[in-house]
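Quick notes on the structure that follows.
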Amino acid sequence: MTFTLSAESEKIVDELLTRYPTKRASCLPVLHLCQREQGWISPEVIDYVAKRLDLPTSEVQGIVTFYTMYHQEPVAPNVVWVCRTLSCDLRGGREVQKHLEERFGCHVGGTSKDGKFTLKTAECLAACGQAPMIQVNDEFYENLTLASLDRVIDELAAKTGVKSPSGTPQPGTPEARVRAKTLMGLGEG
Amino acid sequence: MADFPKVLSNRYALPQSWTLKTVEAHGAYSAARQAFTTMKPEQIAAEVKDANIRGRGGAGFPAGVKWSFLPKDSKVAPYLVINADEGEPGTFKDRTIMELDPHRLIEGCLIAMRAIGANVCYIYVRGELVTSIKRLEAAIEEARSRGYIGKQPFGVNHELKIYVHMGAGAYICGEETSLLNSLEGMRGEPRLKPPFPAVKGAFGAPTIVNNVETIASVPDIIRMGGKAWSDQSRLPRDGGTRLYGVSGHVKTPGVYEAPVGLTLRELIYDLGGGMLYAARPLKAVIPGGSSTPVLRPGDLVHAPDEKHPLHPWHGKSHIDVPMGVDTFRALGTMLGTCCAIVMDDSVNMVDVARNLMHFYSHESCGQCTPCREGTGWLHDVLRNLCEGRGSENDAAMLVEIANNMMGNTICAFADGTAMPMLGLLQKFREEFIEAGKRGAPKHTLGATVRGIGFTGGAA
């Protein structure tokens, strides 16, 4: 199975290539674009990016494994990052993680029983003054209490469709796919 | 609360402050117009030098001097690269500029590009900061539609292009050569220096890498004049106002603008609103991001010699010394990013060390052995201590590991790990020895806020 980007995203790639003096400099943004369409970086995505940018697949693989934002396995529609660095932990970051683990019925790295949330921990997300906080997909949720945390998760759960019949989580939310178009050079419009 | 005049952050509170429509009525791009139409590039650089602005990214290098390192005889135009990979634990100031006043950063980029003769600027933004990326891209689009970015900005023949480059989640990419590798589409592993980026940086061309806040200060430097801007500071050779952050156990954590030379006491008890709970006094403060060694309020400055840079504060508490690049170096720590992490007396320092060393072992790029192995070992030893599997010799072992990391690697990451580790060991040694004997008290970090829904209520 080969991976292809949508026609619209291909246009964005063409534009990205004009921004840098070398082709490979577009590698990070192109990988972001692919992840926003497919939800994660599959081996097929790596092949596609390598061909598109004239790079050895090993180089692209090396980049994917270096940066934490690229998911190397399928994830749920909502990826929840709990900040666990010092400022957040001083204000209850550990409690946030514990609460979500209990609610989702999974540990960090796992996906919730309903298939809607993947739980991860993050290193400092530059929101120390608004601790504790989580990032879900593109959004930051700050100054959390256990009550407001539950409200955030309730709302997201209500918005997210049920898991696909095969049991594999649907990658990316439709919302995220729309957002991909407004990122990477096209502005907010 | 002390009310400091706002310069850099004076548009933060305006409605829709990230749009051109709003900020235009409050002077946006007037400094760029002035710089392009009435000043020579050398004059712009001279004003920035007069402003005594020390780099706001953590190292505190004078920005005007950095610009002068560009080779004069280069055949290729230099690049301007903005380091917006904010990720030092405790630091959250640059995000406010990008989210609340992106046009100020863009205007600073335009002026800086004029001064150094650059045609292309890349703003390398941390991938997680999606709101910042969106607002910057929207701001660039607005500036382009006005012709501020383009072939003839303000009627002057000097083509300008500004692009946002989205990172992908690696703290090390805040190191300037690692950032350049990442910009070029490679793993973010730091480069050997020399050559320094000013000589051979992005894509092999001369490159200036500046922090977001540094460049966002440039429009005000041009508007006020370098000397007047510098004189807002309380300290010599370290000019202007800057963004202070305060987080952890204070009542009103956040980002506040104040003159350079504020004291930690003012930052914590005045801007930060004081300690979170009256019954929980200040135990320690990490002054400027996690790589800066910790300070204790009970320590007094000992500088009886009149020539000592800290002599004016002889006998005073460490938290009463003005926060400046030079004063804090003399104090045995660093100013860093000027974003303090405040801890009350519920916190055990072994637990703090474990938390921070987890961060460093996760974020080490793995290129140099002392750092890749050292950060992991530090974390392992500390985890054992925290889980009751440590020994009394562990404190000595931590010192040995940290000492073997210092100065033995390509970039400053290993030093930035070892310094705070050694600082904690030096100032709270008895807690590490105690943990080796009896195990450390578990999970002390959120102790004061546990079980009360995190905010409000009493300890």
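Ordering of the structure tokens sets the chain letters (A, B, ...); residue numbers start at 1 within each chain; ligands are numbered from 1 in the order shown.
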Exercise answer, chain A residues close to chain B, 6 Å and only C-alpha atoms, as a PyMOL selection string = chain A and resi 24-25+27+63+67-69+87+89-92+124+126-129+138+145-146+187-188
Written file, previous selection with N, CA, C and O atoms, as an mmCIF file, in the first residue's frame:
```
data_model
loop_
_atom_site.group_PDB
_atom_site.id
_atom_site.type_symbol
_atom_site.label_atom_id
_atom_site.label_comp_id
_atom_site.auth_asym_id
_atom_site.auth_seq_id
_atom_site.Cartn_x
_atom_site.Cartn_y
_atom_site.Cartn_z
ATOM 1 N N ARG A 24 15.716 18.995 1.180
ATOM 2 C CA ARG A 24 15.548 18.260 2.427
ATOM 3 C C ARG A 24 15.084 19.146 3.578
ATOM 4 O O ARG A 24 14.526 18.648 4.549
ATOM 5 N N ALA A 25 15.276 20.454 3.452
ATOM 6 C CA ALA A 25 14.854 21.350 4.530
ATOM 7 C C ALA A 25 13.341 21.302 4.746
ATOM 8 O O ALA A 25 12.848 21.654 5.811
ATOM 9 N N CYS A 27 11.692 18.682 5.008
ATOM 10 C CA CYS A 27 11.371 17.361 5.567
ATOM 11 C C CYS A 27 10.456 17.440 6.795
ATOM 12 O O CYS A 27 9.440 16.747 6.863
ATOM 13 N N ILE A 63 15.008 10.880 11.151
ATOM 14 C CA ILE A 63 14.359 12.120 11.576
ATOM 15 C C ILE A 63 13.097 11.808 12.378
ATOM 16 O O ILE A 63 12.854 12.374 13.436
ATOM 17 N N TYR A 67 12.421 13.042 16.647
ATOM 18 C CA TYR A 67 11.495 14.065 17.140
ATOM 19 C C TYR A 67 10.253 13.429 17.748
ATOM 20 O O TYR A 67 9.608 12.585 17.139
ATOM 21 N N THR A 68 9.906 13.894 18.975
ATOM 22 C CA THR A 68 8.819 13.224 19.699
ATOM 23 C C THR A 68 7.431 13.476 19.125
ATOM 24 O O THR A 68 6.499 12.755 19.430
ATOM 25 N N MET A 69 7.277 14.522 18.313
ATOM 26 C CA MET A 69 5.914 14.814 17.846
ATOM 27 C C MET A 69 5.424 13.853 16.757
ATOM 28 O O MET A 69 4.237 13.815 16.449
ATOM 29 N N SER A 87 7.560 22.693 36.956
ATOM 30 C CA SER A 87 6.543 23.693 37.317
ATOM 31 C C SER A 87 5.146 23.082 37.363
ATOM 32 O O SER A 87 4.332 23.424 38.226
ATOM 33 N N ASP A 89 4.483 19.801 37.849
ATOM 34 C CA ASP A 89 4.404 18.839 38.948
ATOM 35 C C ASP A 89 4.236 19.534 40.295
ATOM 36 O O ASP A 89 3.594 19.001 41.198
ATOM 37 N N LEU A 90 4.792 20.737 40.426
ATOM 38 C CA LEU A 90 4.626 21.484 41.674
ATOM 39 C C LEU A 90 3.169 21.881 41.889
ATOM 40 O O LEU A 90 2.742 22.154 43.001
ATOM 41 N N ARG A 91 2.399 21.929 40.798
ATOM 42 C CA ARG A 91 0.996 22.334 40.911
ATOM 43 C C ARG A 91 0.039 21.167 40.638
ATOM 44 O O ARG A 91 -1.145 21.397 40.394
ATOM 45 N N GLY A 92 0.547 19.930 40.633
ATOM 46 C CA GLY A 92 -0.364 18.787 40.536
ATOM 47 C C GLY A 92 -0.334 18.013 39.226
ATOM 48 O O GLY A 92 -1.278 17.274 38.926
ATOM 49 N N CYS A 124 8.248 19.852 29.444
ATOM 50 C CA CYS A 124 7.808 21.248 29.515
ATOM 51 C C CYS A 124 7.213 21.815 28.224
ATOM 52 O O CYS A 124 7.856 21.872 27.192
ATOM 53 N N ALA A 126 5.981 24.932 27.895
ATOM 54 C CA ALA A 126 6.020 26.396 27.916
ATOM 55 C C ALA A 126 4.690 27.012 28.357
ATOM 56 O O ALA A 126 4.183 27.939 27.755
ATOM 57 N N ALA A 127 4.101 26.426 29.394
ATOM 58 C CA ALA A 127 2.884 26.997 29.971
ATOM 59 C C ALA A 127 2.995 26.969 31.488
ATOM 60 O O ALA A 127 2.009 26.781 32.199
ATOM 61 N N CYS A 128 4.223 27.150 31.985
ATOM 62 C CA CYS A 128 4.533 26.951 33.410
ATOM 63 C C CYS A 128 3.696 27.834 34.321
ATOM 64 O O CYS A 128 3.386 27.460 35.449
ATOM 65 N N GLY A 129 3.332 29.015 33.868
ATOM 66 C CA GLY A 129 2.557 29.928 34.695
ATOM 67 C C GLY A 129 1.093 29.545 34.757
ATOM 68 O O GLY A 129 0.321 30.127 35.514
ATOM 69 N N ASP A 138 -4.053 20.140 18.997
ATOM 70 C CA ASP A 138 -3.413 21.446 18.848
ATOM 71 C C ASP A 138 -3.650 22.389 20.021
ATOM 72 O O ASP A 138 -3.072 23.465 20.083
ATOM 73 N N THR A 145 -8.144 22.027 37.137
ATOM 74 C CA THR A 145 -8.489 21.378 38.392
ATOM 75 C C THR A 145 -9.037 20.019 37.974
ATOM 76 O O THR A 145 -9.308 19.805 36.781
ATOM 77 N N LEU A 146 -9.222 19.091 38.931
ATOM 78 C CA LEU A 146 -9.756 17.792 38.524
ATOM 79 C C LEU A 146 -11.114 17.961 37.863
ATOM 80 O O LEU A 146 -11.449 17.266 36.914
ATOM 81 N N GLY A 187 -1.383 30.388 6.276
ATOM 82 C CA GLY A 187 -1.922 31.350 7.234
ATOM 83 C C GLY A 187 -3.286 30.943 7.739
ATOM 84 O O GLY A 187 -3.811 29.891 7.380
ATOM 85 N N GLU A 188 -3.855 31.767 8.592
ATOM 86 C CA GLU A 188 -5.149 31.416 9.164
ATOM 87 C C GLU A 188 -6.276 31.827 8.222
ATOM 88 O O GLU A 188 -7.416 31.514 8.422
#
```
request  = Considering only C-alpha atoms, return as a list in words whatever protein or nucleic-acid residues lie within 9 Å of Tyr48 (chain A), sequence-local ones (same chain, fewer than 4 positions apart) excluded.
outcome  =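 Non-adjacent residues within range: Thr2, Phe3, Thr4, Leu5, Pro43, Glu44, Arg52, Leu53 and Thr57 of chain A.
Relative to CA of Glu37 (chain A), CA of Arg103 (chain A) is found at 28.3 Å.
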key: Point-to-point distance from CA of Arg114 (chain B) to CA of Gly55 (chain B), Å rounded to tenths   =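 If I compute the distance from CA of Arg114 (chain B) to CA of Gly55 (chain B), I get 19.0 Å.
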request  = Just the strand (DSSP E) stuff from region 12-158 of chain A, please, per backbone DSSP, written as a PyMOL selection string.
outcome  = chain A and resi 78-83+117-122+134-136+139-141
Mind dumping the selected residues with C-alpha atoms as a short mmCIF file (atom, residue, chain, number, x, y, z; two decimals), in the first residue's frame?
```
data_model
loop_
_atom_site.label_atom_id
_atom_site.label_comp_id
_atom_site.auth_asym_id
_atom_site.auth_seq_id
_atom_site.Cartn_x
_atom_site.Cartn_y
_atom_site.Cartn_z
CA ASN A 78 -7.28 12.72 20.57
CA VAL A 79 -3.69 12.62 21.77
CA VAL A 80 -3.50 13.90 25.34
CA TRP A 81 -0.09 15.15 26.45
CA VAL A 82 0.25 15.69 30.20
CA CYS A 83 3.11 18.04 31.12
CA PHE A 117 -7.84 9.06 23.68
CA THR A 118 -4.15 8.20 23.59
CA LEU A 119 -2.36 9.26 26.77
CA LYS A 120 1.21 10.54 26.70
CA THR A 121 3.45 12.57 28.97
CA ALA A 122 5.26 15.64 27.68
CA ILE A 134 -2.44 19.29 29.16
CA GLN A 135 -2.22 19.58 25.41
CA VAL A 136 -4.84 17.76 23.36
CA GLU A 139 -4.98 22.98 21.95
CA PHE A 140 -3.60 23.80 25.39
CA TYR A 141 -5.88 23.38 28.42
#
```
query = Among region 74-184 of chain B, which ones does DSSP place in alpha helix (DSSP H), written as a PyMOL selection string?
reply = chain B and resi 94-100+102-116+130-145+176-183
Can you spit out the residues from that selection as a PDB file, in the first residue's frame, using C-alpha atoms?
```
ATOM      1  CA  ASP B  94       8.353  34.022  24.268  1.00  0.00           C
ATOM      2  CA  ARG B  95       5.013  32.325  23.764  1.00  0.00           C
ATOM      3  CA  THR B  96       3.267  35.443  25.059  1.00  0.00           C
ATOM      4  CA  ILE B  97       4.949  37.587  22.390  1.00  0.00           C
ATOM      5  CA  MET B  98       4.043  35.194  19.583  1.00  0.00           C
ATOM      6  CA  GLU B  99       0.468  34.735  20.741  1.00  0.00           C
ATOM      7  CA  LEU B 100      -0.350  38.245  21.915  1.00  0.00           C
ATOM      8  CA  PRO B 102       3.254  38.632  16.775  1.00  0.00           C
ATOM      9  CA  HIS B 103       3.526  41.870  14.777  1.00  0.00           C
ATOM     10  CA  ARG B 104       6.131  43.179  17.213  1.00  0.00           C
ATOM     11  CA  LEU B 105       8.330  40.172  16.439  1.00  0.00           C
ATOM     12  CA  ILE B 106       7.775  40.559  12.686  1.00  0.00           C
ATOM     13  CA  GLU B 107       8.635  44.254  12.886  1.00  0.00           C
ATOM     14  CA  GLY B 108      11.796  43.390  14.831  1.00  0.00           C
ATOM     15  CA  CYS B 109      12.718  40.859  12.140  1.00  0.00           C
ATOM     16  CA  LEU B 110      12.306  43.473   9.397  1.00  0.00           C
ATOM     17  CA  ILE B 111      14.570  45.958  11.181  1.00  0.00           C
ATOM     18  CA  ALA B 112      17.170  43.323  12.044  1.00  0.00           C
ATOM     19  CA  MET B 113      17.232  42.044   8.464  1.00  0.00           C
ATOM     20  CA  ARG B 114      17.797  45.605   7.265  1.00  0.00           C
ATOM     21  CA  ALA B 115      20.653  46.040   9.744  1.00  0.00           C
ATOM     22  CA  ILE B 116      22.505  42.835   8.846  1.00  0.00           C
ATOM     23  CA  VAL B 130       0.268  25.716  17.316  1.00  0.00           C
ATOM     24  CA  THR B 131      -1.464  28.938  18.373  1.00  0.00           C
ATOM     25  CA  SER B 132       1.834  30.812  18.113  1.00  0.00           C
ATOM     26  CA  ILE B 133       2.458  29.350  14.656  1.00  0.00           C
ATOM     27  CA  LYS B 134      -0.998  30.271  13.405  1.00  0.00           C
ATOM     28  CA  ARG B 135      -0.836  33.823  14.716  1.00  0.00           C
ATOM     29  CA  LEU B 136       2.656  34.381  13.329  1.00  0.00           C
ATOM     30  CA  GLU B 137       1.639  33.070   9.921  1.00  0.00           C
ATOM     31  CA  ALA B 138      -1.451  35.252   9.909  1.00  0.00           C
ATOM     32  CA  ALA B 139       0.662  38.259  10.943  1.00  0.00           C
ATOM     33  CA  ILE B 140       3.200  37.581   8.166  1.00  0.00           C
ATOM     34  CA  GLU B 141       0.354  37.405   5.661  1.00  0.00           C
ATOM     35  CA  GLU B 142      -1.039  40.750   6.888  1.00  0.00           C
ATOM     36  CA  ALA B 143       2.396  42.391   6.730  1.00  0.00           C
ATOM     37  CA  ARG B 144       2.913  40.990   3.241  1.00  0.00           C
ATOM     38  CA  SER B 145      -0.411  42.366   2.035  1.00  0.00           C
ATOM     39  CA  GLU B 176      21.540  27.311  17.963  1.00  0.00           C
ATOM     40  CA  THR B 177      23.569  24.884  15.831  1.00  0.00           C
ATOM     41  CA  SER B 178      21.130  22.072  16.532  1.00  0.00           C
ATOM     42  CA  LEU B 179      18.345  24.427  15.494  1.00  0.00           C
ATOM     43  CA  LEU B 180      20.157  25.068  12.210  1.00  0.00           C
ATOM     44  CA  ASN B 181      20.512  21.330  11.542  1.00  0.00           C
ATOM     45  CA  SER B 182      16.825  20.895  12.274  1.00  0.00           C
ATOM     46  CA  LEU B 183      15.984  23.804   9.959  1.00  0.00           C
TER      47      LEU B 183
END
```
